[in-house]
Amino acid sequence: MNYSTVLHAIGWLILMLAVACILPWATALLLGEQASLIAFSFALLLYAFFGGALVMAFRDIKKRSSKLELLVLVASSWLSVSLLAAVPIYGAGALGSFIDAYFESLSGFTTTGASVIPSLDATEKAVLIWRASLQWMGGLATIVMGAAVLAPLGVGGMELRVSPLTRADRTRALDRFRGTAEAILGIYASLTGAFFLVLLVSGLPAFDAFCLSLSTISTGGFTTTDAGLSGYDAPFAMWVLFFAMILGGTSFATHRSALRTGGAEYRDDPEVTYLLMVVLVGGLFLSIAALQGTGSLRYAIASGFFTAASLATSTGYVPPVTTGFSSLSTIFVIGLVLIGGATLSTAGGLKLMRLALLLKQGGRELKRLSHPHGIIPTRFGGRSVGIQLMKSIWVFFVLFLTSYGCITILLTATGLTFEGALVAAAASIGNAGPAYDIVRLGEPDIGSTYADMGMMTKVVLMVAMIVGRLELLALLALFGREQWRS
């Protein structure tokens, strides 16, 4: 294996981190936040030095990247970028230990949204905008790595979503990532800017509107105050966030194609239909649950559908009205989180495409009981799906549920209650961290907050976040002896 390819690409990622660091550095300078100014000044120099050194040292690499190198690059990117991003969080004094700072940055970059900061109101704004920026970059990285590496390699059936986003014909890993990023960056940034402006007009403060626009399009879930969304008296803004979560949970390959077809691609993409159906059905059930607590049909509907979109897209925002959450079913919340959003979106979970194909294949096998010699194809979006792709999806499904079970067991071993471990494991592997907080609103006895959890519990949750973002077959391939021998 040629590690120089991986190190060269990581060098560029660190330089991108340095560019992103300018925003919180400028915020600290303008607001006079001394601790953050020192921390982000040091981080900016650190990123520029190490990123520039790696890029310069391995700039002459011309070799075509192997499958193993691409998989190592994806895995090491999540770990290394999050580790370096934790430096200014710890240096600014937002958290007392580096493990907590690493948890916060990893949760941000994987767009999980679980926070261990005790008080957001007491945290300097430079750190808050850094958290939101990490989620925005993490959402972009999720789409790029999925389209440039996982889809061409056929991880978990993702080859079915190979699209114009994918630049599989590029020779070097860096060229492939650059080409894919160029294909979606304009759409991703434009949606972010549009939602920022609408949130600003709807009554949110400029700082909060900016951070929420970054965290929502990436389906991350970080907020800027201890009160969360309930701290804003802006009902229209909540519907803006609802719409933003739906777009973030939709495939960006579909967004890009829709720009060329005038929107017809949204109608033709089955995952868009599935996502809307999940939000509709989930919203109806959650609205009924909320109505029992609020007594107001208007608030119940708004809270129910907002929560359904928040959970299904793995954003995890806690809605402004939460009085009806005491009757929420824990299993129902876990189910919405694990289903997830569309393939090549910023959402986590199993993904709608895989679940739809598993159901279609189940129906096909039932039909074969009465017509054992019949030719009954399985189709998705007008394309016929072969048996090898179905095997890949089935293996992914089994591995995902096995990993979920193992993480739950490990969390109970660290001291969490069984119900709390079930929810926390789903929230972490589904990259929907605040879903755990949503369940705690109705059942506070299931476990402590993220901030009060023990160190080993946080480490297990961090592993689950990485597992959720890496796509399990890609992670499994890294430990296969055949890959390293070849």
# chains A, B, ... in the order shown; residues from 1 in each chain; ligands from 1
$ select_by_dssp --residues "region 17-120 of chain A" --states "alpha helix (DSSP H)" --output "number ranges by chain"
A: 17-31, 34-57, 67-91, 98-109
$ residues_around --residues "Gly433 (chain A)" --least-positions-apart "5" --cutoff "7 Å" --atoms "only C-alpha atoms" --output "PDB file with C-alpha atoms, in the first residue's frame"
ATOM      1  CA  THR A 112     -24.132  13.303  14.939  1.00  0.00           C
ATOM      2  CA  GLY A 113     -24.962  16.359  17.038  1.00  0.00           C
ATOM      3  CA  ALA A 114     -24.480  14.884  20.523  1.00  0.00           C
ATOM      4  CA  GLY A 316     -32.251  15.286  15.966  1.00  0.00           C
ATOM      5  CA  ALA A 427     -28.590   7.818  18.177  1.00  0.00           C
ATOM      6  CA  SER A 428     -24.834   7.360  17.712  1.00  0.00           C
TER       7      SER A 428
END
$ residues_around --residues "Phe252 (chain A)" --least-positions-apart "4" --cutoff "12 Å" --atoms "only C-alpha atoms" --output "PyMOL selection string"
chain A and resi 139-140+142-144+146-147+161-166+180-181+183-188+191+217-218+246-248+256-259+265-266+269+271-272+341-347
$ residues_around --residues "region 82-85 of chain A" --least-positions-apart "5" --cutoff "10 Å" --atoms "only C-alpha atoms" --output "PyMOL selection string"
chain A and resi 14+17-18+21+43+46-47+76-77+90+98-99+101-110+130-131+134+138
$ residues_around --residues "Leu338 (chain A)" --least-positions-apart "5" --cutoff "12 Å" --atoms "only C-alpha atoms" --output "mmCIF file with all heavy atoms, in the first residue's frame"
data_model
loop_
_atom_site.group_PDB
_atom_site.id
_atom_site.type_symbol
_atom_site.label_atom_id
_atom_site.label_comp_id
_atom_site.auth_asym_id
_atom_site.auth_seq_id
_atom_site.Cartn_x
_atom_site.Cartn_y
_atom_site.Cartn_z
ATOM 1 N N LEU A 311 -36.057 13.264 13.195
ATOM 2 C CA LEU A 311 -35.558 11.916 13.474
ATOM 3 C C LEU A 311 -35.247 11.151 12.190
ATOM 4 O O LEU A 311 -34.215 10.473 12.090
ATOM 5 C CB LEU A 311 -36.585 11.147 14.302
ATOM 6 C CG LEU A 311 -36.826 11.651 15.727
ATOM 7 C CD1 LEU A 311 -37.978 10.895 16.377
ATOM 8 C CD2 LEU A 311 -35.569 11.537 16.574
ATOM 9 N N ALA A 312 -36.122 11.245 11.202
ATOM 10 C CA ALA A 312 -35.939 10.484 9.965
ATOM 11 C C ALA A 312 -34.707 10.939 9.192
ATOM 12 O O ALA A 312 -34.066 10.133 8.508
ATOM 13 C CB ALA A 312 -37.181 10.598 9.086
ATOM 14 N N THR A 313 -34.371 12.223 9.275
ATOM 15 C CA THR A 313 -33.187 12.732 8.574
ATOM 16 C C THR A 313 -31.951 12.708 9.453
ATOM 17 O O THR A 313 -30.897 13.195 9.040
ATOM 18 C CB THR A 313 -33.427 14.172 8.092
ATOM 19 O OG1 THR A 313 -33.674 15.022 9.220
ATOM 20 C CG2 THR A 313 -34.604 14.235 7.133
ATOM 21 N N SER A 314 -32.072 12.165 10.664
ATOM 22 C CA SER A 314 -30.976 12.059 11.646
ATOM 23 C C SER A 314 -30.446 13.419 12.083
ATOM 24 O O SER A 314 -29.311 13.522 12.527
ATOM 25 C CB SER A 314 -29.830 11.184 11.106
ATOM 26 O OG SER A 314 -29.032 11.864 10.158
ATOM 27 N N ILE A 331 -39.225 2.667 21.131
ATOM 28 C CA ILE A 331 -38.984 1.825 19.955
ATOM 29 C C ILE A 331 -39.322 2.576 18.679
ATOM 30 O O ILE A 331 -38.626 2.455 17.653
ATOM 31 C CB ILE A 331 -39.805 0.521 20.044
ATOM 32 C CG1 ILE A 331 -39.417 -0.267 21.300
ATOM 33 C CG2 ILE A 331 -39.584 -0.326 18.802
ATOM 34 C CD1 ILE A 331 -37.955 -0.661 21.343
ATOM 35 N N PHE A 332 -40.369 3.397 18.717
ATOM 36 C CA PHE A 332 -40.757 4.170 17.535
ATOM 37 C C PHE A 332 -39.671 5.181 17.179
ATOM 38 O O PHE A 332 -39.326 5.354 16.008
ATOM 39 C CB PHE A 332 -42.085 4.885 17.801
ATOM 40 C CG PHE A 332 -42.669 5.569 16.599
ATOM 41 C CD1 PHE A 332 -43.256 4.838 15.583
ATOM 42 C CD2 PHE A 332 -42.602 6.939 16.465
ATOM 43 C CE1 PHE A 332 -43.794 5.458 14.461
ATOM 44 C CE2 PHE A 332 -43.126 7.581 15.354
ATOM 45 C CZ PHE A 332 -43.732 6.839 14.357
ATOM 46 N N VAL A 333 -39.109 5.839 18.190
ATOM 47 C CA VAL A 333 -38.024 6.802 17.961
ATOM 48 C C VAL A 333 -36.796 6.092 17.397
ATOM 49 O O VAL A 333 -36.175 6.554 16.426
ATOM 50 C CB VAL A 333 -37.665 7.540 19.266
ATOM 51 C CG1 VAL A 333 -36.409 8.383 19.087
ATOM 52 C CG2 VAL A 333 -38.823 8.421 19.717
ATOM 53 N N ALA A 347 -27.772 12.534 5.704
ATOM 54 C CA ALA A 347 -28.432 11.793 6.781
ATOM 55 C C ALA A 347 -27.690 10.487 7.069
ATOM 56 O O ALA A 347 -26.953 9.966 6.237
ATOM 57 C CB ALA A 347 -29.882 11.505 6.410
ATOM 58 N N GLY A 348 -27.920 9.967 8.284
ATOM 59 C CA GLY A 348 -27.324 8.696 8.669
ATOM 60 C C GLY A 348 -28.329 7.569 8.529
ATOM 61 O O GLY A 348 -29.290 7.649 7.766
ATOM 62 N N GLY A 349 -28.123 6.488 9.315
ATOM 63 C CA GLY A 349 -29.046 5.363 9.304
ATOM 64 C C GLY A 349 -28.772 4.351 8.216
ATOM 65 O O GLY A 349 -27.783 4.428 7.486
ATOM 66 N N LEU A 350 -29.688 3.380 8.109
ATOM 67 C CA LEU A 350 -29.541 2.305 7.118
ATOM 68 C C LEU A 350 -29.685 2.799 5.688
ATOM 69 O O LEU A 350 -29.113 2.235 4.766
ATOM 70 C CB LEU A 350 -30.609 1.234 7.379
ATOM 71 C CG LEU A 350 -30.332 0.274 8.536
ATOM 72 C CD1 LEU A 350 -31.614 -0.426 8.949
ATOM 73 C CD2 LEU A 350 -29.280 -0.747 8.142
ATOM 74 N N LYS A 351 -30.455 3.824 5.471
ATOM 75 C CA LYS A 351 -30.781 4.452 4.192
ATOM 76 C C LYS A 351 -32.032 3.805 3.594
ATOM 77 O O LYS A 351 -32.241 2.598 3.619
ATOM 78 C CB LYS A 351 -29.622 4.384 3.187
ATOM 79 C CG LYS A 351 -28.348 5.082 3.681
ATOM 80 C CD LYS A 351 -28.550 6.568 3.828
ATOM 81 C CE LYS A 351 -27.250 7.306 4.137
ATOM 82 N NZ LYS A 351 -26.593 6.913 5.377
ATOM 83 N N LEU A 352 -32.870 4.657 3.030
ATOM 84 C CA LEU A 352 -34.165 4.252 2.502
ATOM 85 C C LEU A 352 -34.048 3.284 1.329
ATOM 86 O O LEU A 352 -34.866 2.375 1.177
ATOM 87 C CB LEU A 352 -34.942 5.501 2.074
ATOM 88 C CG LEU A 352 -35.363 6.421 3.222
ATOM 89 C CD1 LEU A 352 -35.734 7.796 2.697
ATOM 90 C CD2 LEU A 352 -36.509 5.818 4.001
ATOM 91 N N ARG A 354 -31.857 0.925 0.757
ATOM 92 C CA ARG A 354 -31.575 -0.442 1.194
ATOM 93 C C ARG A 354 -32.810 -1.089 1.793
ATOM 94 O O ARG A 354 -33.116 -2.257 1.505
ATOM 95 C CB ARG A 354 -30.427 -0.420 2.217
ATOM 96 C CG ARG A 354 -29.092 0.047 1.643
ATOM 97 C CD ARG A 354 -27.975 -0.140 2.651
ATOM 98 N NE ARG A 354 -26.696 0.281 2.108
ATOM 99 C CZ ARG A 354 -26.015 1.337 2.534
ATOM 100 N NH1 ARG A 354 -26.505 2.083 3.512
ATOM 101 N NH2 ARG A 354 -24.859 1.655 1.996
ATOM 102 N N LEU A 355 -33.518 -0.360 2.646
ATOM 103 C CA LEU A 355 -34.716 -0.932 3.257
ATOM 104 C C LEU A 355 -35.787 -1.221 2.210
ATOM 105 O O LEU A 355 -36.477 -2.253 2.275
ATOM 106 C CB LEU A 355 -35.260 0.031 4.317
ATOM 107 C CG LEU A 355 -34.436 0.114 5.605
ATOM 108 C CD1 LEU A 355 -34.995 1.200 6.521
ATOM 109 C CD2 LEU A 355 -34.420 -1.223 6.323
ATOM 110 N N PHE A 397 -27.106 -5.001 5.994
ATOM 111 C CA PHE A 397 -28.199 -4.945 6.960
ATOM 112 C C PHE A 397 -27.881 -5.776 8.201
ATOM 113 O O PHE A 397 -28.061 -5.323 9.341
ATOM 114 C CB PHE A 397 -29.480 -5.439 6.287
ATOM 115 C CG PHE A 397 -30.680 -5.468 7.186
ATOM 116 C CD1 PHE A 397 -31.311 -4.296 7.564
ATOM 117 C CD2 PHE A 397 -31.184 -6.682 7.642
ATOM 118 C CE1 PHE A 397 -32.426 -4.326 8.395
ATOM 119 C CE2 PHE A 397 -32.294 -6.719 8.469
ATOM 120 C CZ PHE A 397 -32.922 -5.540 8.849
ATOM 121 N N PHE A 400 -25.086 -4.118 10.187
ATOM 122 C CA PHE A 400 -25.557 -2.914 10.868
ATOM 123 C C PHE A 400 -26.285 -3.277 12.160
ATOM 124 O O PHE A 400 -26.013 -2.697 13.227
ATOM 125 C CB PHE A 400 -26.484 -2.124 9.943
ATOM 126 C CG PHE A 400 -26.846 -0.755 10.448
ATOM 127 C CD1 PHE A 400 -26.095 0.350 10.097
ATOM 128 C CD2 PHE A 400 -27.942 -0.581 11.279
ATOM 129 C CE1 PHE A 400 -26.419 1.611 10.567
ATOM 130 C CE2 PHE A 400 -28.281 0.668 11.754
ATOM 131 C CZ PHE A 400 -27.520 1.768 11.394
ATOM 132 N N LEU A 401 -27.209 -4.240 12.078
ATOM 133 C CA LEU A 401 -27.948 -4.635 13.272
ATOM 134 C C LEU A 401 -27.044 -5.321 14.295
ATOM 135 O O LEU A 401 -27.210 -5.135 15.503
ATOM 136 C CB LEU A 401 -29.103 -5.560 12.888
ATOM 137 C CG LEU A 401 -30.217 -4.937 12.048
ATOM 138 C CD1 LEU A 401 -31.348 -5.938 11.848
ATOM 139 C CD2 LEU A 401 -30.757 -3.673 12.710
ATOM 140 N N TYR A 404 -25.139 -2.606 15.989
ATOM 141 C CA TYR A 404 -26.039 -1.920 16.920
ATOM 142 C C TYR A 404 -26.199 -2.709 18.210
ATOM 143 O O TYR A 404 -26.151 -2.152 19.319
ATOM 144 C CB TYR A 404 -27.394 -1.708 16.239
ATOM 145 C CG TYR A 404 -28.464 -1.141 17.146
ATOM 146 C CD1 TYR A 404 -28.259 0.041 17.844
ATOM 147 C CD2 TYR A 404 -29.681 -1.795 17.301
ATOM 148 C CE1 TYR A 404 -29.244 0.564 18.676
ATOM 149 C CE2 TYR A 404 -30.669 -1.283 18.124
ATOM 150 C CZ TYR A 404 -30.448 -0.103 18.813
ATOM 151 O OH TYR A 404 -31.416 0.408 19.629
ATOM 152 N N LEU A 422 -30.034 1.326 24.499
ATOM 153 C CA LEU A 422 -30.693 1.125 23.210
ATOM 154 C C LEU A 422 -30.834 2.444 22.449
ATOM 155 O O LEU A 422 -30.545 2.518 21.248
ATOM 156 C CB LEU A 422 -32.079 0.506 23.420
ATOM 157 C CG LEU A 422 -32.161 -1.003 23.659
ATOM 158 C CD1 LEU A 422 -33.588 -1.395 23.998
ATOM 159 C CD2 LEU A 422 -31.683 -1.782 22.441
ATOM 160 N N VAL A 423 -31.277 3.479 23.163
ATOM 161 C CA VAL A 423 -31.490 4.775 22.511
ATOM 162 C C VAL A 423 -30.159 5.427 22.154
ATOM 163 O O VAL A 423 -29.983 5.939 21.036
ATOM 164 C CB VAL A 423 -32.312 5.705 23.430
ATOM 165 C CG1 VAL A 423 -32.526 7.057 22.748
ATOM 166 C CG2 VAL A 423 -33.649 5.074 23.768
ATOM 167 N N ALA A 424 -29.201 5.422 23.075
ATOM 168 C CA ALA A 424 -27.910 6.064 22.821
ATOM 169 C C ALA A 424 -27.165 5.376 21.684
ATOM 170 O O ALA A 424 -26.518 6.043 20.860
ATOM 171 C CB ALA A 424 -27.059 6.052 24.087
ATOM 172 N N ALA A 425 -27.238 4.038 21.614
ATOM 173 C CA ALA A 425 -26.582 3.310 20.529
ATOM 174 C C ALA A 425 -27.207 3.656 19.188
ATOM 175 O O ALA A 425 -26.501 3.883 18.197
ATOM 176 C CB ALA A 425 -26.662 1.806 20.787
ATOM 177 N N ALA A 426 -28.540 3.716 19.137
ATOM 178 C CA ALA A 426 -29.218 4.077 17.885
ATOM 179 C C ALA A 426 -28.897 5.505 17.485
ATOM 180 O O ALA A 426 -28.661 5.798 16.309
ATOM 181 C CB ALA A 426 -30.731 3.905 18.046
ATOM 182 N N ALA A 427 -28.875 6.417 18.466
ATOM 183 C CA ALA A 427 -28.590 7.818 18.177
ATOM 184 C C ALA A 427 -27.175 8.007 17.651
ATOM 185 O O ALA A 427 -26.927 8.863 16.789
ATOM 186 C CB ALA A 427 -28.796 8.663 19.432
ATOM 187 N N SER A 428 -26.234 7.206 18.128
ATOM 188 C CA SER A 428 -24.834 7.360 17.712
ATOM 189 C C SER A 428 -24.555 6.674 16.384
ATOM 190 O O SER A 428 -23.965 7.279 15.486
ATOM 191 C CB SER A 428 -23.901 6.803 18.801
ATOM 192 O OG SER A 428 -24.054 7.516 20.002
ATOM 193 N N ILE A 429 -24.977 5.424 16.229
ATOM 194 C CA ILE A 429 -24.698 4.717 14.973
ATOM 195 C C ILE A 429 -25.566 5.268 13.842
ATOM 196 O O ILE A 429 -25.208 5.178 12.667
ATOM 197 C CB ILE A 429 -24.921 3.199 15.147
ATOM 198 C CG1 ILE A 429 -24.198 2.430 14.024
ATOM 199 C CG2 ILE A 429 -26.394 2.843 15.167
ATOM 200 C CD1 ILE A 429 -24.186 0.935 14.207
ATOM 201 N N GLY A 430 -26.701 5.884 14.192
ATOM 202 C CA GLY A 430 -27.548 6.533 13.196
ATOM 203 C C GLY A 430 -27.188 7.987 12.993
ATOM 204 O O GLY A 430 -27.848 8.678 12.213
ATOM 205 N N ASN A 431 -26.146 8.469 13.708
ATOM 206 C CA ASN A 431 -25.674 9.861 13.602
ATOM 207 C C ASN A 431 -26.801 10.855 13.854
ATOM 208 O O ASN A 431 -26.959 11.845 13.152
ATOM 209 C CB ASN A 431 -25.022 10.117 12.247
ATOM 210 C CG ASN A 431 -23.845 9.197 11.971
ATOM 211 O OD1 ASN A 431 -23.887 8.376 11.074
ATOM 212 N ND2 ASN A 431 -22.789 9.319 12.765
ATOM 213 N N ALA A 432 -27.597 10.560 14.887
ATOM 214 C CA ALA A 432 -28.700 11.437 15.299
ATOM 215 C C ALA A 432 -28.639 11.629 16.803
ATOM 216 O O ALA A 432 -29.580 11.300 17.530
ATOM 217 C CB ALA A 432 -30.041 10.855 14.881
ATOM 218 N N GLY A 433 -27.526 12.163 17.296
ATOM 219 C CA GLY A 433 -27.263 12.264 18.727
ATOM 220 C C GLY A 433 -28.369 12.862 19.564
ATOM 221 O O GLY A 433 -28.721 12.317 20.627
ATOM 222 N N ALA A 435 -31.419 12.661 19.390
ATOM 223 C CA ALA A 435 -32.571 11.768 19.576
ATOM 224 C C ALA A 435 -32.580 11.205 20.990
ATOM 225 O O ALA A 435 -33.647 10.964 21.569
ATOM 226 C CB ALA A 435 -32.524 10.638 18.548
ATOM 227 N N GLY A 468 -21.059 4.444 12.117
ATOM 228 C CA GLY A 468 -22.219 4.915 11.377
ATOM 229 C C GLY A 468 -21.876 5.676 10.118
ATOM 230 O O GLY A 468 -22.605 5.616 9.123
#
$ residues_around --residues "Ser133 (chain A)" --least-positions-apart "5" --cutoff "8 Å" --atoms "only C-alpha atoms" --output "list in words"
Ala20, Cys211, Leu214 and Ser215 of chain A
$ residues_around --residues "Thr315 (chain A)" --least-positions-apart "6" --cutoff "6 Å" --atoms "only C-alpha atoms" --output "count of residues only"
4
$ atom_distance --atom1 "CA of Ile288 (chain A)" --atom2 "CA of Phe305 (chain A)"
10.5 Å
$ select_by_dssp --residues "region 206-447 of chain A" --states "strand (DSSP E or B)" --output "list in words"
Thr378, Arg379, Phe380, Arg383, Ser384 and Val385 of chain A
$ closest_residue --among "A:Leu70, A:Val87, A:Leu199, A:Met277" --to "Leu153 (chain A)" --atoms "only C-alpha atoms"
A:Leu70
$ decode --residues "region 260-270 of chain A" --atoms "all heavy atoms" --output "PDB file, in the first residue's frame"
ATOM      1  N   ARG A 260     -31.068  20.214 -13.671  1.00  0.00           N
ATOM      2  CA  ARG A 260     -30.984  20.072 -15.122  1.00  0.00           C
ATOM      3  C   ARG A 260     -32.336  19.712 -15.750  1.00  0.00           C
ATOM      4  O   ARG A 260     -32.576  20.032 -16.913  1.00  0.00           O
ATOM      5  CB  ARG A 260     -29.956  18.992 -15.475  1.00  0.00           C
ATOM      6  CG  ARG A 260     -28.548  19.318 -14.985  1.00  0.00           C
ATOM      7  CD  ARG A 260     -27.597  18.179 -15.328  1.00  0.00           C
ATOM      8  NE  ARG A 260     -26.218  18.501 -14.991  1.00  0.00           N
ATOM      9  CZ  ARG A 260     -25.181  17.685 -15.202  1.00  0.00           C
ATOM     10  NH1 ARG A 260     -25.393  16.496 -15.767  1.00  0.00           N
ATOM     11  NH2 ARG A 260     -23.964  18.056 -14.873  1.00  0.00           N
ATOM     12  N   THR A 261     -33.182  19.037 -14.960  1.00  0.00           N
ATOM     13  CA  THR A 261     -34.457  18.567 -15.520  1.00  0.00           C
ATOM     14  C   THR A 261     -35.632  19.439 -15.111  1.00  0.00           C
ATOM     15  O   THR A 261     -36.779  19.116 -15.437  1.00  0.00           O
ATOM     16  CB  THR A 261     -34.719  17.128 -15.075  1.00  0.00           C
ATOM     17  OG1 THR A 261     -34.803  17.088 -13.632  1.00  0.00           O
ATOM     18  CG2 THR A 261     -33.603  16.199 -15.535  1.00  0.00           C
ATOM     19  N   GLY A 262     -35.357  20.496 -14.362  1.00  0.00           N
ATOM     20  CA  GLY A 262     -36.438  21.364 -13.930  1.00  0.00           C
ATOM     21  C   GLY A 262     -37.266  20.804 -12.800  1.00  0.00           C
ATOM     22  O   GLY A 262     -38.413  21.210 -12.593  1.00  0.00           O
ATOM     23  N   GLY A 263     -36.716  19.866 -12.043  1.00  0.00           N
ATOM     24  CA  GLY A 263     -37.412  19.312 -10.881  1.00  0.00           C
ATOM     25  C   GLY A 263     -38.046  17.964 -11.117  1.00  0.00           C
ATOM     26  O   GLY A 263     -38.574  17.354 -10.177  1.00  0.00           O
ATOM     27  N   ALA A 264     -38.005  17.447 -12.328  1.00  0.00           N
ATOM     28  CA  ALA A 264     -38.633  16.154 -12.614  1.00  0.00           C
ATOM     29  C   ALA A 264     -37.962  15.011 -11.861  1.00  0.00           C
ATOM     30  O   ALA A 264     -38.603  14.001 -11.555  1.00  0.00           O
ATOM     31  CB  ALA A 264     -38.599  15.883 -14.116  1.00  0.00           C
ATOM     32  N   GLU A 265     -36.692  15.162 -11.548  1.00  0.00           N
ATOM     33  CA  GLU A 265     -35.960  14.097 -10.878  1.00  0.00           C
ATOM     34  C   GLU A 265     -36.516  13.824  -9.485  1.00  0.00           C
ATOM     35  O   GLU A 265     -36.463  12.688  -9.008  1.00  0.00           O
ATOM     36  CB  GLU A 265     -34.475  14.479 -10.772  1.00  0.00           C
ATOM     37  CG  GLU A 265     -33.556  13.362 -10.325  1.00  0.00           C
ATOM     38  CD  GLU A 265     -33.464  12.234 -11.334  1.00  0.00           C
ATOM     39  OE1 GLU A 265     -33.741  12.480 -12.521  1.00  0.00           O
ATOM     40  OE2 GLU A 265     -33.121  11.113 -10.938  1.00  0.00           O
ATOM     41  N   TYR A 266     -37.067  14.837  -8.826  1.00  0.00           N
ATOM     42  CA  TYR A 266     -37.664  14.617  -7.511  1.00  0.00           C
ATOM     43  C   TYR A 266     -38.855  13.667  -7.604  1.00  0.00           C
ATOM     44  O   TYR A 266     -39.086  12.844  -6.707  1.00  0.00           O
ATOM     45  CB  TYR A 266     -38.112  15.950  -6.907  1.00  0.00           C
ATOM     46  CG  TYR A 266     -36.970  16.867  -6.529  1.00  0.00           C
ATOM     47  CD1 TYR A 266     -36.875  18.147  -7.075  1.00  0.00           C
ATOM     48  CD2 TYR A 266     -35.999  16.460  -5.620  1.00  0.00           C
ATOM     49  CE1 TYR A 266     -35.831  18.993  -6.729  1.00  0.00           C
ATOM     50  CE2 TYR A 266     -34.953  17.293  -5.271  1.00  0.00           C
ATOM     51  CZ  TYR A 266     -34.867  18.565  -5.827  1.00  0.00           C
ATOM     52  OH  TYR A 266     -33.824  19.395  -5.492  1.00  0.00           O
ATOM     53  N   ARG A 267     -39.599  13.773  -8.672  1.00  0.00           N
ATOM     54  CA  ARG A 267     -40.755  12.900  -8.866  1.00  0.00           C
ATOM     55  C   ARG A 267     -40.323  11.486  -9.213  1.00  0.00           C
ATOM     56  O   ARG A 267     -40.983  10.507  -8.825  1.00  0.00           O
ATOM     57  CB  ARG A 267     -41.635  13.473  -9.982  1.00  0.00           C
ATOM     58  CG  ARG A 267     -42.917  12.670 -10.223  1.00  0.00           C
ATOM     59  CD  ARG A 267     -43.682  13.170 -11.436  1.00  0.00           C
ATOM     60  NE  ARG A 267     -42.933  12.972 -12.669  1.00  0.00           N
ATOM     61  CZ  ARG A 267     -42.438  13.946 -13.421  1.00  0.00           C
ATOM     62  NH1 ARG A 267     -42.614  15.202 -13.065  1.00  0.00           N
ATOM     63  NH2 ARG A 267     -41.773  13.681 -14.539  1.00  0.00           N
ATOM     64  N   ASP A 268     -39.231  11.343  -9.935  1.00  0.00           N
ATOM     65  CA  ASP A 268     -38.797  10.033 -10.412  1.00  0.00           C
ATOM     66  C   ASP A 268     -37.941   9.265  -9.407  1.00  0.00           C
ATOM     67  O   ASP A 268     -37.748   8.054  -9.566  1.00  0.00           O
ATOM     68  CB  ASP A 268     -38.017  10.189 -11.724  1.00  0.00           C
ATOM     69  CG  ASP A 268     -38.857  10.808 -12.829  1.00  0.00           C
ATOM     70  OD1 ASP A 268     -40.098  10.655 -12.769  1.00  0.00           O
ATOM     71  OD2 ASP A 268     -38.286  11.450 -13.728  1.00  0.00           O
ATOM     72  N   ASP A 269     -37.383   9.958  -8.402  1.00  0.00           N
ATOM     73  CA  ASP A 269     -36.507   9.293  -7.439  1.00  0.00           C
ATOM     74  C   ASP A 269     -37.351   8.609  -6.364  1.00  0.00           C
ATOM     75  O   ASP A 269     -38.050   9.284  -5.603  1.00  0.00           O
ATOM     76  CB  ASP A 269     -35.569  10.315  -6.797  1.00  0.00           C
ATOM     77  CG  ASP A 269     -34.550   9.657  -5.873  1.00  0.00           C
ATOM     78  OD1 ASP A 269     -34.580   8.425  -5.725  1.00  0.00           O
ATOM     79  OD2 ASP A 269     -33.717  10.386  -5.293  1.00  0.00           O
ATOM     80  N   PRO A 270     -37.312   7.275  -6.251  1.00  0.00           N
ATOM     81  CA  PRO A 270     -38.136   6.589  -5.239  1.00  0.00           C
ATOM     82  C   PRO A 270     -37.802   7.004  -3.816  1.00  0.00           C
ATOM     83  O   PRO A 270     -38.685   7.033  -2.957  1.00  0.00           O
ATOM     84  CB  PRO A 270     -37.808   5.104  -5.469  1.00  0.00           C
ATOM     85  CG  PRO A 270     -37.254   5.032  -6.852  1.00  0.00           C
ATOM     86  CD  PRO A 270     -36.544   6.323  -7.079  1.00  0.00           C
TER      87      PRO A 270
END
